[in-house]
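Peer 1: Sending over coords39.cif (mmCIF, C-alpha atoms).
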```
data_protein
#
loop_
_atom_site.label_atom_id
_atom_site.label_comp_id
_atom_site.auth_asym_id
_atom_site.auth_seq_id
_atom_site.Cartn_x
_atom_site.Cartn_y
_atom_site.Cartn_z
CA MET A 1 -38.74 -24.91 203.73
CA LYS A 2 -41.20 -22.35 202.38
CA ILE A 3 -43.43 -22.72 205.39
CA PHE A 4 -40.83 -21.43 207.82
CA PRO A 5 -41.31 -17.63 207.18
CA PHE A 6 -45.02 -18.06 207.70
CA PHE A 7 -44.40 -19.57 211.11
CA LYS A 8 -41.97 -16.81 211.94
CA LYS A 9 -44.62 -14.21 211.16
CA LEU A 10 -47.23 -16.09 213.13
CA ILE A 11 -45.03 -16.30 216.19
CA PHE A 12 -44.12 -12.61 215.91
CA PHE A 13 -47.74 -11.45 215.71
CA SER A 14 -48.90 -13.73 218.48
CA PHE A 15 -46.21 -12.29 220.76
CA ARG A 16 -47.22 -8.77 219.82
CA PHE A 17 -50.84 -9.51 220.55
CA LEU A 18 -49.93 -11.02 223.91
CA PHE A 19 -47.80 -8.03 224.82
CA LEU A 20 -50.56 -5.56 223.92
CA LEU A 21 -53.05 -7.56 225.94
CA ILE A 22 -50.87 -7.55 229.04
CA PHE A 23 -49.94 -3.87 228.67
CA SER A 24 -53.52 -2.65 228.27
CA ASN A 25 -54.61 -4.74 231.22
CA THR A 26 -51.98 -3.30 233.56
CA LYS A 27 -52.90 0.22 232.49
CA CYS A 28 -56.55 -0.35 233.35
CA TRP A 29 -55.59 -1.85 236.65
CA LYS A 30 -53.45 1.18 237.55
CA ASP A 31 -56.25 3.62 236.72
CA GLN A 32 -58.65 1.76 238.88
CA LYS A 33 -56.25 1.67 241.76
CA THR A 34 -55.19 5.32 241.93
CA LYS A 35 -58.26 7.24 240.90
CA ILE A 36 -61.00 6.62 243.38
CA LYS A 37 -63.72 9.15 242.77
CA PRO A 38 -66.88 9.76 244.71
CA SER A 39 -69.80 8.28 242.81
CA SER A 40 -71.32 10.76 240.40
CA GLN A 41 -74.79 10.10 241.75
CA GLY A 42 -73.67 11.04 245.24
CA VAL A 43 -72.26 14.32 243.98
CA LYS A 44 -75.47 15.12 242.17
CA ASN A 45 -77.69 14.31 245.11
CA ASN A 46 -75.84 15.83 248.01
CA SER A 47 -72.31 17.17 247.72
CA LYS A 48 -72.28 17.97 251.43
CA ALA A 49 -72.67 14.31 252.28
CA THR A 50 -69.98 13.29 249.80
CA LEU A 51 -67.52 15.76 251.23
CA LEU A 52 -68.17 14.66 254.78
CA SER A 53 -68.22 10.93 254.19
CA PRO A 54 -65.32 9.35 256.07
CA ASN A 55 -64.02 7.60 252.98
CA ILE A 56 -60.38 7.73 253.94
CA SER A 57 -59.11 5.82 250.95
CA SER A 58 -60.37 8.53 248.58
CA LYS A 59 -57.46 10.61 247.39
CA GLU A 60 -59.18 13.22 245.30
CA TYR A 61 -62.37 15.18 245.31
CA LYS A 62 -63.56 16.48 241.98
CA ASN A 63 -66.73 18.45 241.61
CA GLN A 64 -66.66 20.10 238.25
CA ASN A 65 -69.94 21.81 237.65
CA THR A 66 -72.00 18.76 238.51
CA GLU A 67 -73.67 20.83 241.18
CA GLN A 68 -73.22 24.44 242.19
CA ILE A 69 -71.61 24.75 245.60
CA ASP A 70 -72.33 27.93 247.52
CA GLY A 71 -71.66 29.21 251.00
CA THR A 72 -73.82 26.61 252.73
CA VAL A 73 -71.54 23.73 251.81
CA ILE A 74 -68.42 25.46 253.08
CA PRO A 75 -68.58 24.20 256.70
CA ALA A 76 -68.65 20.71 255.24
CA LEU A 77 -65.66 21.52 253.05
CA ALA A 78 -63.75 22.89 256.03
CA GLU A 79 -64.53 19.76 258.03
CA ALA A 80 -63.38 17.56 255.18
CA LEU A 81 -60.10 19.47 254.89
CA LYS A 82 -59.55 19.09 258.62
CA ASN A 83 -60.04 15.36 258.80
CA ARG A 84 -58.86 14.03 255.51
CA GLN A 85 -55.16 13.56 255.70
CA LYS A 86 -54.84 11.61 252.49
CA LEU A 87 -56.66 14.07 250.25
CA THR A 88 -54.20 15.21 247.59
CA ASP A 89 -56.36 16.69 244.83
CA LEU A 90 -59.21 19.10 245.45
CA PHE A 91 -60.98 20.37 242.35
CA LEU A 92 -63.75 22.87 243.03
CA ASN A 93 -63.74 24.93 239.86
CA SER A 94 -66.64 27.11 238.71
CA HIS A 95 -68.68 27.33 241.88
CA HIS A 96 -69.72 30.29 244.01
CA ILE A 97 -66.88 30.15 246.49
CA ASP A 98 -66.06 33.62 247.78
CA ASP A 99 -63.61 35.18 250.22
CA THR A 100 -65.32 34.02 253.41
CA SER A 101 -65.53 30.44 252.17
CA ALA A 102 -61.91 30.46 251.03
CA THR A 103 -60.83 31.83 254.40
CA ALA A 104 -62.85 29.18 256.23
CA SER A 105 -61.29 26.37 254.24
CA ALA A 106 -57.85 27.92 254.64
CA ASN A 107 -58.28 28.01 258.41
CA ALA A 108 -59.44 24.40 258.37
CA SER A 109 -56.43 23.21 256.40
CA LYS A 110 -54.18 25.17 258.77
CA GLY A 111 -55.26 22.86 261.56
CA ASN A 112 -54.48 19.76 259.55
CA GLU A 113 -50.73 19.50 259.80
CA ALA A 114 -50.52 16.13 258.09
CA SER A 115 -52.37 17.33 255.02
CA LYS A 116 -50.90 16.24 251.72
CA LEU A 117 -53.01 18.51 249.54
CA SER A 118 -50.91 19.12 246.45
CA PHE A 119 -53.35 20.07 243.67
CA LEU A 120 -55.86 22.80 244.41
CA ARG A 121 -58.13 24.08 241.66
CA LEU A 122 -60.38 26.97 242.59
CA ASN A 123 -60.69 28.63 239.20
CA GLY A 124 -63.87 30.44 238.23
CA ASN A 125 -64.98 31.32 241.72
CA GLN A 126 -65.42 34.72 243.38
CA ILE A 127 -62.24 34.74 245.44
CA LYS A 128 -60.74 38.19 246.07
CA LYS A 129 -57.46 39.32 247.55
CA ASP A 130 -58.14 38.30 251.17
CA GLY A 131 -59.20 34.78 250.28
CA ALA A 132 -56.12 34.27 248.13
CA LYS A 133 -53.88 35.58 250.89
CA ASN A 134 -55.40 33.28 253.51
CA LEU A 135 -55.15 30.24 251.25
CA LEU A 136 -51.49 30.97 250.60
CA GLU A 137 -50.77 31.47 254.29
CA ALA A 138 -52.42 28.16 255.11
CA SER A 139 -50.43 26.23 252.55
CA GLN A 140 -47.18 27.97 253.41
CA SER A 141 -46.46 25.93 256.52
CA LYS A 142 -46.85 22.55 254.86
CA ASN A 143 -45.18 23.05 251.50
CA SER A 144 -47.04 20.14 249.95
CA LEU A 145 -48.82 22.31 247.39
CA VAL A 146 -47.58 21.65 243.87
CA SER A 147 -50.16 23.36 241.71
CA LEU A 148 -52.47 26.27 242.55
CA ASN A 149 -55.09 27.34 240.06
CA LEU A 150 -56.83 30.62 240.90
CA ALA A 151 -57.72 31.60 237.34
CA HIS A 152 -60.80 33.74 236.69
CA ASN A 153 -61.14 35.07 240.20
CA ASN A 154 -61.16 38.75 241.20
CA ILE A 155 -57.69 38.73 242.73
CA GLY A 156 -56.22 41.82 241.09
CA ASP A 157 -52.94 43.56 241.77
CA THR A 158 -53.03 43.43 245.57
CA GLY A 159 -53.81 39.72 245.59
CA ALA A 160 -51.01 39.03 243.12
CA THR A 161 -48.63 41.06 245.29
CA ASP A 162 -49.57 38.98 248.33
CA ILE A 163 -48.98 35.76 246.40
CA ALA A 164 -45.63 37.08 245.20
CA LYS A 165 -44.65 37.97 248.77
CA ALA A 166 -45.52 34.47 249.95
CA LEU A 167 -43.45 32.95 247.12
CA GLU A 168 -40.56 35.24 247.97
CA ASP A 169 -40.59 34.60 251.71
CA ASN A 170 -40.96 30.85 251.57
CA GLN A 171 -38.46 29.18 249.27
CA LYS A 172 -40.14 25.81 249.64
CA LEU A 173 -43.51 26.98 248.42
CA MET B 1 -45.15 25.31 244.23
CA ILE B 2 -44.43 24.30 240.65
CA LYS B 3 -47.42 25.64 238.79
CA LEU B 4 -49.28 28.88 239.43
CA LYS B 5 -52.27 29.81 237.30
CA LEU B 6 -53.48 33.38 237.56
CA ILE B 7 -55.41 33.58 234.31
CA GLY B 8 -57.95 36.39 233.96
CA THR B 9 -57.44 37.81 237.43
CA GLN B 10 -57.21 41.54 236.51
CA ILE B 11 -53.49 41.77 237.23
CA GLN B 12 -51.83 44.97 236.05
CA ASP B 13 -48.25 46.21 236.06
CA ALA B 14 -47.93 46.43 239.85
CA GLY B 15 -48.88 42.78 240.30
CA ALA B 16 -46.57 41.67 237.51
CA ILE B 17 -43.66 43.61 239.02
CA ALA B 18 -44.28 41.99 242.43
CA LEU B 19 -44.38 38.53 240.82
CA ALA B 20 -41.18 39.31 238.93
CA LYS B 21 -39.50 40.23 242.20
CA ALA B 22 -40.64 36.91 243.66
CA LEU B 23 -39.28 35.01 240.64
CA LYS B 24 -35.80 36.31 241.33
CA HIS B 25 -35.76 34.51 244.67
CA ASN B 26 -37.90 31.46 243.96
CA ASP B 27 -36.34 28.41 242.34
CA ASN B 28 -39.30 26.04 242.39
CA LEU B 29 -41.78 27.62 240.00
CA THR B 30 -41.64 26.13 236.50
CA SER B 31 -44.88 27.39 234.92
CA LEU B 32 -46.52 30.75 235.37
CA TYR B 33 -49.81 31.48 233.64
CA LEU B 34 -50.49 35.21 233.39
CA ASN B 35 -52.59 35.30 230.24
CA HIS B 36 -55.80 37.34 229.90
CA ASN B 37 -54.68 40.05 232.31
CA GLN B 38 -53.96 43.76 231.84
CA ILE B 39 -50.17 43.65 232.02
CA GLN B 40 -48.42 46.37 230.02
CA ASP B 41 -44.83 47.00 228.97
CA GLN B 42 -43.53 47.95 232.42
CA GLY B 43 -44.66 44.69 233.97
CA VAL B 44 -43.34 42.60 231.11
CA ILE B 45 -39.94 44.31 231.23
CA ALA B 46 -39.74 43.52 234.97
CA LEU B 47 -40.64 39.88 234.25
CA ALA B 48 -38.03 39.66 231.51
CA LYS B 49 -35.37 41.07 233.82
CA ALA B 50 -36.29 38.56 236.51
CA LEU B 51 -36.06 35.70 234.01
CA LYS B 52 -32.43 36.53 233.34
CA ASN B 53 -31.63 35.42 236.90
CA ASN B 54 -34.07 32.51 236.99
CA ASN B 55 -33.26 29.42 234.98
CA ASN B 56 -35.99 27.18 236.33
CA LEU B 57 -39.06 28.76 234.76
CA THR B 58 -39.77 26.87 231.56
CA SER B 59 -43.22 28.16 230.64
CA LEU B 60 -44.50 31.69 230.85
CA TYR B 61 -47.88 32.39 229.31
CA LEU B 62 -48.49 36.02 228.47
CA HIS B 63 -50.99 36.06 225.64
CA ASN B 64 -53.93 38.48 225.69
CA ASN B 65 -52.11 41.18 227.61
CA GLN B 66 -51.42 44.76 226.55
CA ILE B 67 -47.81 44.26 225.52
CA GLN B 68 -46.31 46.62 222.97
CA ASP B 69 -42.93 47.00 221.27
CA ALA B 70 -40.79 47.72 224.34
CA GLY B 71 -42.13 44.67 226.21
CA ALA B 72 -41.72 42.41 223.21
CA ILE B 73 -38.11 43.55 222.71
CA ALA B 74 -37.33 42.88 226.39
CA LEU B 75 -38.78 39.37 226.05
CA ALA B 76 -36.82 38.73 222.88
CA GLN B 77 -33.59 39.61 224.64
CA ILE B 78 -34.05 36.89 227.27
CA SER B 79 -32.67 34.24 224.93
CA LYS B 80 -29.27 35.94 224.91
CA SER B 81 -28.56 35.26 228.56
CA ARG B 82 -30.60 32.17 229.29
CA ILE B 83 -29.77 28.58 228.48
CA SER B 84 -33.37 27.44 228.10
CA VAL B 85 -35.81 29.92 226.64
CA PRO B 86 -39.30 29.75 228.13
CA ARG B 87 -42.22 29.18 225.82
CA LEU B 88 -44.00 32.42 225.12
CA PHE B 89 -47.39 32.28 223.47
CA GLU B 90 -49.25 35.00 221.60
CA ILE B 91 -47.49 37.90 223.18
#
```
Represent the supplied structure as structure tokens.

Peer 2:
Amino acid sequence: MKIFPFFKKLIFFSFRFLFLLIFSNTKCWKDQKTKIKPSSQGVKNNSKATLLSPNISSKEYKNQNTEQIDGTVIPALAEALKNRQKLTDLFLNSHHIDDTSATASANASKGNEASKLSFLRLNGNQIKKDGAKNLLEASQSKNSLVSLNLAHNNIGDTGATDIAKALEDNQKL
Amino acid sequence: MIKLKLIGTQIQDAGAIALAKALKHNDNLTSLYLNHNQIQDQGVIALAKALKNNNNLTSLYLHNNQIQDAGAIALAQISKSRISVPRLFEI
């Protein structure tokens, strides 16, 4: 009779272990399935090529300080925004993106009506009021944008006023 | 849009007042990051007034601005009329 509690404990712990094993496995599987990133080596070598590659299954593009993007890569970025309909997250923080580049990418995303871009991080670039305005105008028609990060840019009062106007005019934004 | 981050973008009172005006009419925005700007009392009072009509905004970040007594009092009075008070950090 004394051996019964021991068995009870054993069964309890074995079930717990099994549960943890299954849970951790499913979590890993989910991560692998949803977050498809461009290979880090590709980003380091040539970000232009990574942006342009017709990898349609890729949902997000993150380039966080692995390589400095400047004006020369912007045509590639515009092209990528035009063609990639499944791109939802675009993280291009801390590069040298300025007003002209922002306008170019805004115009490109204007043409892509099926775009599902919902997270746009452009913090730490050199975007001024015109770039911010154009980006807002481009995203206004599609109302897929959930989060817009324009921190540490030179937007100022006029840029903020434009953003406020866009928010006021379009209830869905 | 749910989240708008305008941290360190040299926004002053005029920009804050415009954003406050937008908040009155926009029901989607839940977080607004305006920290590290140059917003003074006037802008903050406008934001506080707008928040009385807007119950959706849950987070408003205003630390590292030039807010003084009048602005702080206006922010403190929000809780009287609102059901959910937004989080306010380091005013």

Peer 1: Interatomic distance between CA of Asp89 (chain A) and CA of Ile163 (chain A)?

Peer 2: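 Straight-line distance from CA of Asp89 (chain A) to CA of Ile163 (chain A) works out to 20.5 Å.
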
Peer 1: On this structure, which residues satisfy the PyMOL selection byres ((chain A and resi 128) around 7), written as a PyMOL selection string?

Peer 2: chain A and resi 99+126-127+129-132+153-155

Peer 1: As an MDAnalysis selection string, could you give me every residue of chain B near chain A (at most 12 Å apart, counting only C-alpha atoms)?

Peer 2: chainID B and resid 1:39 43

Peer 1: Enter the distance from CA of Gln77 (chain B) to CA of Ala48 (chain B), in Å, rounded to one decimal.

Peer 2: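 These atoms are spaced 8.2 Å apart.
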
Peer 1: What's the separation between CA of His96 (chain A) and CA of Asn65 (chain B), in Å to one decimal place?

Peer 2: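 These two atoms are separated by 26.4 Å.
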
Peer 1: Residues picked by the PyMOL selection byres ((chain B and resi 52) around 9) here, as a list in words?

Peer 2: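 On the file shown, the PyMOL selection byres ((chain B and resi 52) around 9) covers Lys24, Leu47, Ala48, Lys49, Ala50, Leu51, Asn53, Asn54, Asn55, Ile78, Ser79, Ser81 and Arg82 of chain B.
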
Peer 1: For the residues selected in the previous step, produce a file with C-alpha atoms as a PDB file, keeping the file's coordinate frame.

Peer 2:
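Output file again34.pdb is given in full below:
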```
ATOM      1  CA  LYS B  24     -35.800  36.310 241.330  1.00  0.00           C
ATOM      2  CA  LEU B  47     -40.640  39.880 234.250  1.00  0.00           C
ATOM      3  CA  ALA B  48     -38.030  39.660 231.510  1.00  0.00           C
ATOM      4  CA  LYS B  49     -35.370  41.070 233.820  1.00  0.00           C
ATOM      5  CA  ALA B  50     -36.290  38.560 236.510  1.00  0.00           C
ATOM      6  CA  LEU B  51     -36.060  35.700 234.010  1.00  0.00           C
ATOM      7  CA  ASN B  53     -31.630  35.420 236.900  1.00  0.00           C
ATOM      8  CA  ASN B  54     -34.070  32.510 236.990  1.00  0.00           C
ATOM      9  CA  ASN B  55     -33.260  29.420 234.980  1.00  0.00           C
ATOM     10  CA  ILE B  78     -34.050  36.890 227.270  1.00  0.00           C
ATOM     11  CA  SER B  79     -32.670  34.240 224.930  1.00  0.00           C
ATOM     12  CA  SER B  81     -28.560  35.260 228.560  1.00  0.00           C
ATOM     13  CA  ARG B  82     -30.600  32.170 229.290  1.00  0.00           C
TER      14      ARG B  82
END
```

Peer 1: List, as a list in words, every residue that the PyMOL selection byres ((chain B and resi 73) around 12) selects in the file provided.

Peer 2: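 On the file shown, the PyMOL selection byres ((chain B and resi 73) around 12) covers Asp41, Gln42, Val44, Ile45, Ala48, Lys49, Ile67, Gln68, Asp69, Ala70, Gly71, Ala72, Ala74, Leu75, Ala76, Gln77, Ile78, Ser79, Lys80 and Ile91 of chain B.
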